[in-house]
Each structure stands twice: as C-alpha cells, then as structure tokens.
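Containing mmCIF, C-alpha atoms and all ligand atoms: target_17.cif.
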```
data_target
loop_
_atom_site.label_atom_id
_atom_site.label_comp_id
_atom_site.auth_asym_id
_atom_site.auth_seq_id
_atom_site.Cartn_x
_atom_site.Cartn_y
_atom_site.Cartn_z
CA MET G 1 70.55 103.22 112.83
CA LYS G 2 71.91 101.12 115.66
CA VAL G 3 75.60 100.33 115.86
CA ALA G 4 77.50 97.58 117.66
CA VAL G 5 81.11 97.97 118.73
CA MET G 6 83.19 94.80 118.99
CA GLY G 7 86.17 95.37 121.32
CA TYR G 8 86.10 97.95 124.13
CA GLY G 9 89.79 98.81 124.15
CA THR G 10 91.39 102.13 123.33
CA VAL G 11 89.86 102.57 119.87
CA GLY G 12 86.54 100.92 120.81
CA SER G 13 85.95 103.24 123.74
CA GLY G 14 86.87 106.16 121.47
CA VAL G 15 84.27 105.07 118.90
CA VAL G 16 81.53 104.94 121.55
CA GLU G 17 82.61 108.34 122.87
CA VAL G 18 82.68 110.00 119.42
CA ILE G 19 79.21 108.67 118.55
CA ALA G 20 77.77 109.76 121.92
CA ASP G 21 79.44 113.16 122.15
CA ASN G 22 78.84 114.16 118.50
CA GLN G 23 75.40 112.58 118.31
CA GLU G 24 73.48 115.77 117.54
CA LEU G 25 75.98 116.95 114.99
CA ILE G 26 76.02 113.57 113.23
CA ALA G 27 72.19 113.44 113.20
CA LYS G 28 72.04 116.94 111.72
CA ARG G 29 74.57 116.05 109.01
CA ILE G 30 72.91 112.82 107.86
CA GLY G 31 69.31 113.38 108.90
CA GLU G 32 69.26 110.30 111.08
CA ALA G 33 70.28 109.42 114.63
CA VAL G 34 73.18 107.01 115.07
CA GLU G 35 73.35 105.19 118.39
CA VAL G 36 75.53 102.48 119.92
CA LYS G 37 73.30 99.63 121.09
CA TYR G 38 75.88 96.99 122.05
CA ILE G 39 79.52 96.90 123.10
CA LEU G 40 80.99 93.41 122.84
CA ASP G 41 83.89 92.50 125.10
CA ILE G 42 84.89 89.54 127.25
CA ARG G 43 85.62 91.87 130.18
CA GLU G 44 83.27 93.66 132.59
CA PHE G 45 83.48 97.45 132.96
CA PRO G 46 81.87 98.30 136.33
CA GLY G 47 81.14 102.00 136.71
CA ASP G 48 81.84 102.75 133.05
CA ARG G 49 79.70 105.46 131.41
CA PHE G 50 78.41 102.87 128.92
CA GLU G 51 78.31 99.85 131.23
CA ASP G 52 74.67 99.09 130.32
CA LYS G 53 75.63 98.43 126.69
CA ILE G 54 78.30 95.80 127.43
CA VAL G 55 77.44 92.29 126.19
CA HIS G 56 79.47 89.09 125.97
CA ASP G 57 77.50 87.12 123.39
CA VAL G 58 78.17 88.02 119.75
CA ASN G 59 74.86 86.43 118.69
CA LEU G 60 72.94 89.24 120.38
CA ILE G 61 74.47 91.55 117.78
CA MET G 62 74.23 89.17 114.84
CA ASP G 63 70.57 88.31 115.53
CA ASP G 64 69.40 91.89 116.09
CA PRO G 65 67.88 93.30 112.88
CA GLU G 66 68.14 96.83 114.29
CA VAL G 67 71.95 96.69 114.12
CA GLY G 68 73.01 97.80 110.65
CA VAL G 69 76.67 98.63 111.29
CA VAL G 70 79.31 96.84 113.33
CA CYS G 71 82.66 98.39 114.29
CA GLU G 72 85.37 95.76 114.55
CA VAL G 73 88.05 97.26 116.76
CA MET G 74 89.19 94.05 118.45
CA GLY G 75 92.39 93.52 116.47
CA GLY G 76 93.94 90.22 115.41
CA VAL G 77 92.98 87.93 112.58
CA GLY G 78 91.21 85.10 114.41
CA VAL G 79 87.94 85.95 116.13
CA ALA G 80 87.92 89.37 114.44
CA TYR G 81 87.87 87.65 111.02
CA GLN G 82 85.16 85.22 112.08
CA PHE G 83 82.88 87.94 113.53
CA THR G 84 83.46 90.31 110.60
CA LYS G 85 82.51 87.65 108.08
CA MET G 86 79.48 86.67 110.15
CA ALA G 87 78.22 90.27 110.27
CA LEU G 88 78.76 90.86 106.55
CA GLU G 89 76.98 87.62 105.67
CA ARG G 90 73.98 88.95 107.60
CA GLY G 91 74.04 92.20 105.62
CA LYS G 92 75.55 94.28 108.41
CA SER G 93 78.27 96.68 107.27
CA VAL G 94 81.60 96.48 109.10
CA CYS G 95 83.95 99.40 109.81
CA THR G 96 87.40 98.60 111.13
CA SER G 97 90.77 99.92 112.27
CA ASN G 98 92.28 96.42 112.10
CA LYS G 99 95.09 96.74 109.54
CA GLU G 100 96.28 93.19 110.11
CA LEU G 101 92.89 91.77 109.14
CA VAL G 102 92.45 94.16 106.20
CA ALA G 103 95.94 93.33 104.86
CA LYS G 104 95.33 89.58 105.23
CA HIS G 105 91.67 89.14 104.28
CA GLY G 106 90.63 92.51 102.79
CA PRO G 107 89.69 91.36 99.26
CA GLU G 108 87.72 88.36 100.52
CA LEU G 109 85.77 90.46 103.04
CA LEU G 110 85.09 93.10 100.38
CA GLN G 111 83.59 90.37 98.19
CA VAL G 112 81.43 89.06 101.04
CA ALA G 113 80.20 92.63 101.66
CA ALA G 114 79.35 93.19 97.98
CA ALA G 115 77.49 89.87 97.80
CA ASN G 116 75.38 90.85 100.83
CA HIS G 117 74.61 94.48 99.82
CA CYS G 118 76.59 95.98 102.67
CA SER G 119 80.08 97.48 103.02
CA TYR G 120 83.48 96.74 104.50
CA LEU G 121 85.25 100.04 105.25
CA PHE G 122 88.71 100.50 106.74
CA GLU G 123 89.66 104.18 106.75
CA ALA G 124 91.18 103.88 110.25
CA SER G 125 93.46 100.99 109.27
CA VAL G 126 96.02 103.28 107.62
CA GLY G 127 97.17 106.60 109.03
CA GLY G 128 94.74 106.49 112.00
CA GLY G 129 92.67 109.66 111.78
CA ILE G 130 94.15 110.86 108.47
CA PRO G 131 91.73 110.54 105.57
CA ILE G 132 93.66 108.45 103.01
CA ILE G 133 91.51 105.47 102.00
CA ARG G 134 88.57 107.73 101.10
CA PRO G 135 90.74 110.12 99.02
CA LEU G 136 92.22 107.14 97.15
CA ASN G 137 88.78 105.61 96.51
CA ASN G 138 86.87 108.84 95.86
CA ALA G 139 88.62 112.19 95.48
CA LEU G 140 91.45 110.74 93.36
CA THR G 141 89.35 108.40 91.17
CA ALA G 142 90.23 110.41 88.04
CA GLU G 143 93.92 109.78 88.68
CA LYS G 144 96.20 106.92 87.82
CA ILE G 145 98.14 106.67 91.09
CA GLU G 146 101.80 106.11 90.24
CA MET G 147 103.49 106.25 93.62
CA ILE G 148 102.69 106.26 97.33
CA THR G 149 105.32 107.01 99.97
CA GLY G 150 104.42 107.34 103.61
CA ILE G 151 105.55 107.77 107.16
CA LEU G 152 103.03 105.22 108.37
CA ASN G 153 104.05 104.48 111.93
CA GLY G 154 103.86 107.01 114.74
CA THR G 155 105.93 105.08 117.27
CA THR G 156 108.98 104.82 115.03
CA ASN G 157 108.64 108.40 113.81
CA TYR G 158 108.59 109.54 117.44
CA ILE G 159 111.71 107.48 118.22
CA LEU G 160 113.61 108.71 115.14
CA THR G 161 112.65 112.32 115.88
CA LYS G 162 113.98 112.01 119.45
CA MET G 163 117.18 110.39 118.21
CA GLU G 164 117.65 113.22 115.74
CA ARG G 165 116.92 116.06 118.18
CA GLU G 166 118.65 114.69 121.27
CA GLY G 167 121.48 112.66 119.76
CA ALA G 168 120.22 109.68 121.75
CA ASP G 169 120.53 106.06 120.72
CA PHE G 170 117.67 103.81 119.66
CA ALA G 171 117.58 101.57 122.76
CA ASP G 172 117.46 104.53 125.18
CA VAL G 173 114.71 106.35 123.29
CA LEU G 174 112.67 103.16 122.96
CA LYS G 175 112.92 102.56 126.71
CA GLU G 176 111.77 106.10 127.45
CA ALA G 177 108.93 105.84 124.91
CA GLN G 178 107.78 102.61 126.57
CA GLU G 179 107.86 104.23 130.02
CA LYS G 180 105.70 107.10 128.73
CA GLY G 181 103.29 104.69 127.04
CA TYR G 182 104.13 105.90 123.51
CA ALA G 183 105.58 102.54 122.54
CA GLU G 184 104.10 99.09 123.25
CA ARG G 185 105.73 96.83 125.82
CA ASN G 186 106.29 94.48 122.90
CA PRO G 187 107.40 97.00 120.28
CA GLU G 188 108.36 94.50 117.57
CA ALA G 189 105.50 95.19 115.14
CA ASP G 190 106.38 98.89 115.15
CA VAL G 191 110.19 98.96 115.34
CA GLU G 192 110.71 96.06 112.93
CA GLY G 193 108.44 97.75 110.36
CA HIS G 194 105.66 95.13 110.27
CA ASP G 195 102.92 97.66 111.08
CA ALA G 196 104.12 100.01 108.32
CA CYS G 197 104.37 97.00 105.99
CA ARG G 198 100.69 96.12 106.46
CA LYS G 199 99.72 99.74 105.84
CA ILE G 200 101.78 100.19 102.65
CA SER G 201 100.46 96.82 101.43
CA ILE G 202 96.86 98.04 101.88
CA LEU G 203 97.64 101.31 100.08
CA SER G 204 99.49 99.47 97.30
CA SER G 205 96.52 97.15 96.84
CA LEU G 206 94.23 100.15 96.41
CA MET G 207 96.74 101.72 94.01
CA THR G 208 96.94 98.64 91.80
CA GLY G 209 93.44 97.21 92.34
CA LYS G 210 95.12 93.84 93.02
CA THR G 211 96.31 92.23 96.24
CA VAL G 212 99.78 93.22 97.38
CA ASN G 213 100.67 90.40 99.77
CA SER G 214 102.25 91.99 102.84
CA GLU G 215 104.14 88.78 103.59
CA LYS G 216 106.11 89.25 100.35
CA VAL G 217 107.05 92.88 100.95
CA TYR G 218 110.70 93.55 101.85
CA THR G 219 110.61 95.07 105.34
CA GLU G 220 113.41 96.58 107.41
CA GLY G 221 112.79 98.39 110.71
CA ILE G 222 114.72 101.08 112.57
CA THR G 223 116.62 99.02 115.13
CA LYS G 224 119.97 99.44 113.34
CA VAL G 225 119.71 103.23 112.92
CA THR G 226 122.11 105.04 115.27
CA ALA G 227 122.52 108.57 116.63
CA SER G 228 125.77 108.77 114.63
CA ASP G 229 123.84 108.24 111.38
CA PHE G 230 121.79 111.34 112.17
CA VAL G 231 125.01 113.37 112.51
CA TYR G 232 125.82 112.60 108.87
CA ALA G 233 122.21 113.05 107.75
CA LYS G 234 122.27 116.54 109.29
CA ALA G 235 125.60 117.35 107.63
CA MET G 236 123.94 116.58 104.27
CA GLY G 237 120.72 118.52 105.03
CA ARG G 238 118.85 115.26 105.37
CA SER G 239 116.81 113.30 107.89
CA ILE G 240 116.19 109.57 108.41
CA LYS G 241 112.58 108.40 108.21
CA LEU G 242 111.01 104.95 108.16
CA LEU G 243 109.20 104.95 104.83
CA GLY G 244 106.65 102.69 103.23
CA MET G 245 107.38 103.07 99.53
CA SER G 246 105.31 101.83 96.64
CA CYS G 247 105.55 102.48 92.95
CA ASP G 248 103.24 101.11 90.25
CA GLN G 249 105.39 99.98 87.35
CA GLY G 250 102.57 98.64 85.18
CA ASP G 251 103.14 94.91 85.16
CA GLU G 252 104.61 94.89 88.67
CA VAL G 253 104.68 96.96 91.83
CA GLN G 254 107.87 97.98 93.60
CA VAL G 255 107.13 98.07 97.31
CA MET G 256 109.19 98.06 100.47
CA VAL G 257 109.53 99.39 104.00
CA ALA G 258 112.93 100.69 105.12
CA PRO G 259 114.68 103.62 106.78
CA SER G 260 115.56 106.21 104.18
CA MET G 261 117.78 109.32 104.25
CA ILE G 262 115.55 111.96 102.69
CA SER G 263 116.46 115.50 101.69
CA ASN G 264 115.05 118.65 103.27
CA GLN G 265 113.25 119.29 99.96
CA ASN G 266 111.08 116.20 100.45
CA PRO G 267 107.67 117.14 101.95
CA LEU G 268 108.00 114.18 104.34
CA TYR G 269 111.14 115.76 105.87
CA MET G 270 109.12 117.99 108.21
CA VAL G 271 106.86 115.19 109.50
CA SER G 272 108.00 114.69 113.10
CA ASP G 273 107.05 113.05 116.38
CA VAL G 274 104.00 110.77 116.31
CA PHE G 275 102.63 112.33 113.14
CA ASN G 276 102.10 110.33 109.95
CA ALA G 277 101.96 111.57 106.37
CA ILE G 278 101.26 109.95 103.04
CA LEU G 279 102.55 111.41 99.80
CA VAL G 280 100.54 110.32 96.76
CA ARG G 281 101.63 110.93 93.17
CA GLY G 282 98.86 110.93 90.55
CA ASN G 283 99.48 111.15 86.80
CA MET G 284 97.34 114.31 86.46
CA LEU G 285 97.39 115.96 89.89
CA GLY G 286 101.05 115.33 90.65
CA ASP G 287 101.90 115.17 94.35
CA SER G 288 99.40 115.58 97.17
CA MET G 289 100.11 114.90 100.83
CA TYR G 290 97.84 113.73 103.66
CA TYR G 291 99.10 114.58 107.14
CA GLY G 292 97.90 114.14 110.69
CA ARG G 293 97.67 111.90 113.72
CA GLY G 294 98.27 108.33 112.67
CA ALA G 295 97.31 106.75 115.97
CA GLY G 296 95.56 107.44 119.27
CA LYS G 297 92.12 106.86 120.67
CA LEU G 298 90.07 109.76 119.31
CA PRO G 299 91.82 110.33 115.94
CA THR G 300 91.45 106.64 115.06
CA ALA G 301 87.89 106.51 116.42
CA SER G 302 86.97 109.56 114.36
CA ALA G 303 87.97 107.71 111.17
CA VAL G 304 85.95 104.62 112.21
CA VAL G 305 82.89 106.79 112.89
CA ALA G 306 83.27 108.57 109.52
CA ASP G 307 83.00 105.10 107.96
CA VAL G 308 79.94 104.33 110.12
CA ILE G 309 78.29 107.50 108.80
CA ASP G 310 79.09 106.47 105.21
CA CYS G 311 77.43 103.10 105.86
CA VAL G 312 74.34 104.78 107.31
CA LYS G 313 74.10 107.04 104.27
CA ASN G 314 74.41 104.01 102.01
CA ALA G 315 72.21 101.59 103.97
CA GLY G 316 71.19 98.57 101.89
CA LYS G 317 73.89 99.32 99.30
CA ASN G 318 77.47 98.25 98.84
CA ILE G 319 80.11 100.98 98.78
CA PRO G 320 82.44 99.59 96.12
CA CYS G 321 86.18 99.28 96.51
CA LEU G 322 88.42 98.19 93.65
CA TRP G 323 90.65 95.54 95.26
CA SER G 324 90.61 92.12 93.63
CA PRO G 325 91.99 88.92 95.21
CA GLU G 326 94.39 88.51 92.25
CA GLU G 327 97.95 88.89 93.58
CA ALA G 328 99.96 91.79 92.22
CA LYS G 329 103.44 90.89 91.02
CA ILE G 330 105.98 92.41 93.39
CA ALA G 331 109.23 93.59 91.80
CA ASP G 332 112.42 91.92 93.01
CA ILE G 333 114.14 94.67 94.99
CA ALA G 334 117.53 93.03 94.40
CA GLU G 335 117.40 94.52 90.90
CA VAL G 336 116.51 98.08 92.00
CA GLU G 337 119.25 100.68 91.59
CA ARG G 338 119.74 103.45 94.11
CA LYS G 339 122.35 105.36 96.11
CA PHE G 340 123.28 104.24 99.62
CA PHE G 341 124.77 106.00 102.62
CA LEU G 342 127.51 104.13 104.45
CA ARG G 343 129.07 105.01 107.77
CA VAL G 344 132.58 103.69 107.67
CA SER G 345 135.39 103.21 110.19
CA ALA G 346 138.47 105.40 109.57
CA SER G 347 140.56 102.44 108.45
CA GLY G 348 137.94 101.22 105.99
CA MET G 349 137.37 104.22 103.73
CA ASP G 350 139.86 103.17 101.02
CA ALA G 351 138.28 99.75 100.73
CA VAL G 352 134.80 101.29 100.56
CA LYS G 353 135.86 103.73 97.84
CA ALA G 354 137.36 100.89 95.84
CA ALA G 355 134.22 98.78 96.23
CA PHE G 356 131.88 101.65 95.31
CA PRO G 357 133.74 103.98 92.94
CA GLY G 358 132.30 107.37 92.03
CA GLY G 359 130.75 108.11 95.43
CA GLN G 360 131.15 111.05 97.78
CA VAL G 361 132.96 111.15 101.13
CA ILE G 362 131.19 113.04 103.92
CA THR G 363 133.33 114.18 106.84
CA VAL G 364 132.24 115.72 110.09
CA GLU G 365 134.83 117.46 112.25
CA GLY G 366 135.87 115.67 115.41
CA ARG G 367 134.62 112.24 114.34
CA GLU G 368 136.68 109.14 113.88
CA ASP G 369 134.26 107.52 111.43
CA ALA G 370 133.23 109.01 108.08
CA GLY G 371 130.27 108.93 105.75
CA TYR G 372 130.16 107.80 102.13
CA VAL G 373 127.35 108.12 99.61
CA THR G 374 127.67 105.62 96.79
CA ALA G 375 126.83 106.21 93.16
CA SER G 376 123.70 104.35 92.00
CA VAL G 377 124.15 100.63 92.48
CA LYS G 378 121.85 97.60 92.31
CA GLU G 379 120.62 96.41 95.73
CA LYS G 380 122.06 92.93 95.18
CA GLU G 381 125.50 94.28 94.23
CA PHE G 382 125.47 96.62 97.20
CA ALA G 383 124.61 93.79 99.58
CA ALA G 384 127.28 91.48 98.11
CA LYS G 385 130.01 94.11 98.33
CA CYS G 386 129.07 95.08 101.90
CA GLU G 387 129.40 91.41 102.79
CA THR G 388 133.00 91.38 101.56
CA LEU G 389 133.80 94.68 103.31
CA GLY G 390 132.82 93.22 106.68
CA ASP G 391 133.23 95.21 109.90
CA VAL G 392 134.47 98.46 108.34
CA VAL G 393 130.85 99.24 107.40
CA LEU G 394 129.23 100.57 110.58
CA SER G 395 125.84 101.54 109.12
CA LYS G 396 124.05 101.43 105.78
CA ILE G 397 120.93 103.37 104.91
CA ARG G 398 119.19 103.88 101.57
CA MET G 399 119.28 107.38 100.15
CA GLY G 400 115.85 108.78 99.27
CA GLU G 401 114.60 111.72 97.22
N1 LIG G 501 101.46 101.34 116.58
C1 LIG G 501 100.91 102.13 115.53
C2 LIG G 501 101.77 103.38 115.35
C3 LIG G 501 99.49 102.50 115.86
O1 LIG G 501 102.68 103.62 116.15
O2 LIG G 501 101.61 104.11 114.38
C4 LIG G 501 98.64 102.79 114.68
O3 LIG G 501 98.61 101.75 113.76
#
```
When written as structure tokens, how does the structure in this file appear?
Amino acid sequence: MKVAVMGYGTVGSGVVEVIADNQELIAKRIGEAVEVKYILDIREFPGDRFEDKIVHDVNLIMDDPEVGVVCEVMGGVGVAYQFTKMALERGKSVCTSNKELVAKHGPELLQVAAANHCSYLFEASVGGGIPIIRPLNNALTAEKIEMITGILNGTTNYILTKMEREGADFADVLKEAQEKGYAERNPEADVEGHDACRKISILSSLMTGKTVNSEKVYTEGITKVTASDFVYAKAMGRSIKLLGMSCDQGDEVQVMVAPSMISNQNPLYMVSDVFNAILVRGNMLGDSMYYGRGAGKLPTASAVVADVIDCVKNAGKNIPCLWSPEEAKIADIAEVERKFFLRVSASGMDAVKAAFPGGQVITVEGREDAGYVTASVKEKEFAAKCETLGDVVLSKIRMGE
C-alpha cells in the first residue's frame, strides 16, 4: 500500500518518520508493506531525508491508483477540505489530525467516504497520541456513553500547572511558554478555549451520533484565571483545570468548555503539564480514563499512522462511524445549576453573602481578599447577580466534581 502525506509540517514529518522507522514492524503486524510515495507541500526541503518524495501537484496523488491512503496533516478548512473530499471521491481513505476540519465537515466527509467504499479516520484530531476515537467507536460500543470530560489542550494545561506550582500569573507563564516554543506565537485558539471546544464537540458528536456544532458550544478560556485563584483552590484541596465537559441528557446535550475548580478526588486532578486526559462515563462500565500526550510531533503522528494501518487492513471497505449530519440540540447553559467560586475584595464579602446566601467563606491567612463558594445557583442568576455586585468580585470560577 502506498501512502501520500499532504503537509510536511511538524505532524506530517512525524508521519513520514513513523512509517519509515517502524516499517518492518508495521509490515509484520499487517502482513503488508506500507510506504510513503508522495509528500505534498508548497515548500522545497533541500537536504531532507525524504526530499525525493516531495511533490507540489496534488493531481499526482489523486491520479495515482497505487495510492490508497492519504494523510491530511495540512490544517485549516480550505484547501484541506477540498483535497480531502477529492481523495475520498476517488476511493482513497483519508487519515487526519485536523480537528478544525473534522469539527466543521466531519459528518459530510464520513458520508463521502462511505459512498466511495473508503474511510475517513481522525484519531489524532482529539488528544493527539491518546487513543480515544477508537475506544469510543470500538471498545466501548456496548456502552451508552453518558458523559465525557476532558483536559483536551496541552498548552493551557502546561500554563495552569506552572501557575499553580510557581504562583506565577497567566501573562508571565504564557510569555515563557512562547519563548520555549510550548505555546504558539498566536496563542488565541489554545488560551481562549477554541481548540478544546473543537475537540469536545467531536467527542460529543461521537457520544450522541449527531452533530454537535462547535460554534454553538459555550467556550471560556483561561485568560482570567489568576495565581491568587490557585491559592484558594489549594486551600480547598482543589486545582483549576480547563475542561471540555459534555453530558448526554437524552433529548439534548449539555456541553461547554471552561476553567473548573476540581477536587483532589477527581481523576483529572493529577493530569499536569502538557498531558491530556479524557474521562468517559459509560452506563455499564462506569468511568474509564484515557491519558497521555495530547500534542507533539511523534505522539500525534503515531495516531495518524495507526489510522493508516486500519485503512490498509480494511482496503476497499468503509470503516463505519456513527455521526450523522443531524444537529444535536445543545442545552441552554443559562439554566444549568452549579456551585461557583468567587474571589472577593475584603469590602465586598457582605454584599456577596447577601447575593448568594448559604455559601461558604474561604479565608487564607495573610490575604486581603477572601474566597466564597456559593450554594447551587442557576448560571443565569449567578451572572445577573455578579453584574450587580460589580468590582468587588475579583474572580469567578465554576466548581467541578
Ligand atoms: N495546541 C494544541 C494543544 C495542540 O496545546 O493541545 C494539539 O491539538
């Protein structure tokens, strides 16, 4: 089986490397050699180990009957969408790490694949190298999945972990992460939660079998979390994590991305640094957790190549995936009831207690501000009351399990 790789960036070069370096092992496992024939990129790579495979014309790939699998690791939703569709229409399976494309056009591309007896696989689009799509589609097929909660973004988990351990503020840690190359120069997709939003939308779509439209998912990033908030989290035996949360409620799905103060009893509590983890609750199995490296060249490439191998094993057949284009109804989060943590200026505590009766004051010695955990309150009531409280509220973070 010959493979084409579209996009010779970080993940693309990893895919070529994994296929080349594990060639013998892969051949032994599936009884067939897998080889990269083309690497499509607009750039030249003089002196590169695989320079002879670089091409600039996509038609070379599309018109070559030897190519049965294409890896789309270009990113974006323009050309990547066009080339993916083109390959699937010609009966070539496509394996991708492109979460943006999967979240936006996944169900359509799955239908094109099914109609052309090939497959569209996207294990690497969520959780990088962590197997999560395959468990949801295969190992857990006897389960009704009720809830998925995940730390789905390595950059923000790294930043929050540093803030927690070093007492540093968001802007300083972000700057350092950018200098070390852990965070993008334009970090918006990560720190504002958009990347995690696409990933939880993909997982929610697989959970419900319908399309959870990522553009309708409430998304809040980590830019307002402060080092002071971690002081109170620690005092309560908690940590702050950016969570993608999704819960199947039958006729609707409750889904959101937001920082959450979780207890040290939550299995996600110990997930630190760049690591990702996804906690899945099934109606028979209960909780299971999938943990590992959610980003990076080789972990992500490994997941793409696992999909390539699946396509080779299923050549000429469609690997089904239950994800229909019908939009899932997303629950209005304004109606959801939960507890909230507030960090409050010394002068504002009485007003906060009056606005949210029945809560608990958290004090930490030597601090001028104080913490307050509300009783359960509807999101919309919480937001309205915070509005009237004004500047006395310094921070607000949802309490988690
Ligand atoms: N920017 C992403 C992260 C990469 O930090 O997790 C993987 O999607």
Tell me, as a ChimeraX atom specification, which residues lie within 12 Å of Val16 of chain G, counting all atoms listed in the file; anything in the same chain fewer than 4 positions away does not count.
-> /G:2-12,20-23,34-40,48-51,53-54,70-71,73,297-298,300-302,304-305,308
Could you turn the residues from that selection into a file that holds C-alpha atoms, as a tab-separated table (two decimals), keeping the file's coordinate frame?
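Written output follows (part.tsv):
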```tsv
chain	number	residue	atom	x	y	z
G	2	LYS	CA	71.91	101.12	115.66
G	3	VAL	CA	75.60	100.33	115.86
G	4	ALA	CA	77.50	97.58	117.66
G	5	VAL	CA	81.11	97.97	118.73
G	6	MET	CA	83.19	94.80	118.99
G	7	GLY	CA	86.17	95.37	121.32
G	8	TYR	CA	86.10	97.95	124.13
G	9	GLY	CA	89.79	98.81	124.15
G	10	THR	CA	91.39	102.13	123.33
G	11	VAL	CA	89.86	102.57	119.87
G	12	GLY	CA	86.54	100.92	120.81
G	20	ALA	CA	77.77	109.76	121.92
G	21	ASP	CA	79.44	113.16	122.15
G	22	ASN	CA	78.84	114.16	118.50
G	23	GLN	CA	75.40	112.58	118.31
G	34	VAL	CA	73.18	107.01	115.07
G	35	GLU	CA	73.35	105.19	118.39
G	36	VAL	CA	75.53	102.48	119.92
G	37	LYS	CA	73.30	99.63	121.09
G	38	TYR	CA	75.88	96.99	122.05
G	39	ILE	CA	79.52	96.90	123.10
G	40	LEU	CA	80.99	93.41	122.84
G	48	ASP	CA	81.84	102.75	133.05
G	49	ARG	CA	79.70	105.46	131.41
G	50	PHE	CA	78.41	102.87	128.92
G	51	GLU	CA	78.31	99.85	131.23
G	53	LYS	CA	75.63	98.43	126.69
G	54	ILE	CA	78.30	95.80	127.43
G	70	VAL	CA	79.31	96.84	113.33
G	71	CYS	CA	82.66	98.39	114.29
G	73	VAL	CA	88.05	97.26	116.76
G	297	LYS	CA	92.12	106.86	120.67
G	298	LEU	CA	90.07	109.76	119.31
G	300	THR	CA	91.45	106.64	115.06
G	301	ALA	CA	87.89	106.51	116.42
G	302	SER	CA	86.97	109.56	114.36
G	304	VAL	CA	85.95	104.62	112.21
G	305	VAL	CA	82.89	106.79	112.89
G	308	VAL	CA	79.94	104.33	110.12
```
Show me, as a Markdown table, the residues of chain G having an atom within 7 Å of ligand LIG 501 (chain G), each with the closest atom pair and its distance in Å, using only C-alpha atoms and all ligand atoms.
```
| residue | atom | partner | partner_atom | distance |
| --- | --- | --- | --- | --- |
| G:Ser125 | CA | G:LIG501 | O3 | 6.9 |
| G:Val126 | CA | G:LIG501 | O3 | 6.8 |
| G:Gly127 | CA | G:LIG501 | O3 | 6.9 |
| G:Gly128 | CA | G:LIG501 | C4 | 6.0 |
| G:Leu152 | CA | G:LIG501 | O2 | 6.3 |
| G:Asn153 | CA | G:LIG501 | O2 | 3.5 |
| G:Gly154 | CA | G:LIG501 | O2 | 3.7 |
| G:Thr155 | CA | G:LIG501 | O1 | 3.7 |
| G:Thr156 | CA | G:LIG501 | O1 | 6.5 |
| G:Asp190 | CA | G:LIG501 | N1 | 5.7 |
| G:Asp195 | CA | G:LIG501 | O3 | 6.5 |
| G:Gly294 | CA | G:LIG501 | O2 | 5.6 |
| G:Ala295 | CA | G:LIG501 | C4 | 4.4 |
```
Atom CA of Gln254 of chain G and atom CA of Thr226 of chain G, how far apart in Å?
-> 26.9 Å
Tell me, counting all atoms listed in the file, for each residue of segment 250-296 of chain G within 12 Å of segment 338-344 of chain G, which pair of atoms is nearest and how far apart they are in Å to one decimal, in rows ordered by chain and increasing number, as a tab-separated table.
```
residue	atom	partner	partner_atom	distance
G:Pro259	CA	G:Phe341	CA	11.2
G:Ser260	CA	G:Phe340	CA	9.2
G:Met261	CA	G:Phe341	CA	7.9
G:Ile262	CA	G:Phe341	CA	11.0
```
Tell me, in Å to one decimal, how far atom CA of Lys210 of chain G is from atom CA of Arg281 of chain G.
->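 Atom CA of Arg281 of chain G lies at a distance of 18.3 Å from atom CA of Lys210 of chain G.
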Of the candidates G:Ile133, G:Ala355, G:Ala303, G:Val18, which shows the shortest atom-to-atom distance to Gly390 of chain G, using all atoms listed in the file?
->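 So, comparing all the options, the nearest one is G:Ala355.
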G:Ile19, G:Ala331, G:Ile202, G:Val312: which is nearest Val69 of chain G, counting all atoms listed in the file?
->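 Counting all atoms listed in the file, the residue closest to Val69 of chain G is G:Val312.
You will find atom CA of Cys197 of chain G at 16.9 Å from atom CA of Arg398 of chain G.
Distance check against Ser324 of chain G using all atoms listed in the file: of G:Val15, G:Leu206, G:Ala171, G:Val361, the minimum falls on G:Leu206.
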Of the candidates G:Leu243, G:Val212, G:Leu160, G:Leu268, which one gets nearest to Gly193 of chain G if we count only C-alpha atoms?
->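 Answer, going by the shortest atom-to-atom distance: G:Leu243.
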Pick out the closest residue to Glu192 of chain G from this set: G:Leu174, G:Thr223, G:Gly209, G:Lys241. Count only C-alpha atoms.
->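 Closest to Glu192 of chain G, using only C-alpha atoms: G:Thr223.
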Out of G:Thr363, G:Ser119, G:Asn314, G:Ser263, which residue has the shortest atom-to-atom distance to Met1 of chain G when counting only C-alpha atoms?
-> G:Asn314
Near Lys378 of chain G, counting only C-alpha atoms, which residues have an atom at most 8 Å away, once you skip same-chain residues fewer than 3 positions from it, shown as a ChimeraX atom specification?
-> /G:334-338,381-382
Report the closest atom pair, with its distance in Å rounded to one decimal, for each residue of segment 231-314 of chain G that has an atom no farther than 12 Å from segment 166-169 of chain G; count only C-alpha atoms, sort by chain and then rising residue number, and write it as JSON lines.
```
{"residue": "G:Val231", "atom": "CA", "partner": "G:Gly167", "partner_atom": "CA", "distance": 8.1}
{"residue": "G:Tyr232", "atom": "CA", "partner": "G:Gly167", "partner_atom": "CA", "distance": 11.7}
{"residue": "G:Lys234", "atom": "CA", "partner": "G:Gly167", "partner_atom": "CA", "distance": 11.2}
```
Find the spatial neighbours of Asn137 of chain G, counting all atoms listed in the file, within a cut-off of 10 Å - ignore same-chain residues fewer than 2 positions away - and output them as a list of chain:residue names.
->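 In the requested format, the answer is G:Ile132, G:Ile133, G:Arg134, G:Pro135, G:Ala139, G:Leu140, G:Thr141, G:Ala142, G:Leu206, G:Met207, G:Pro320, G:Cys321, G:Leu322.
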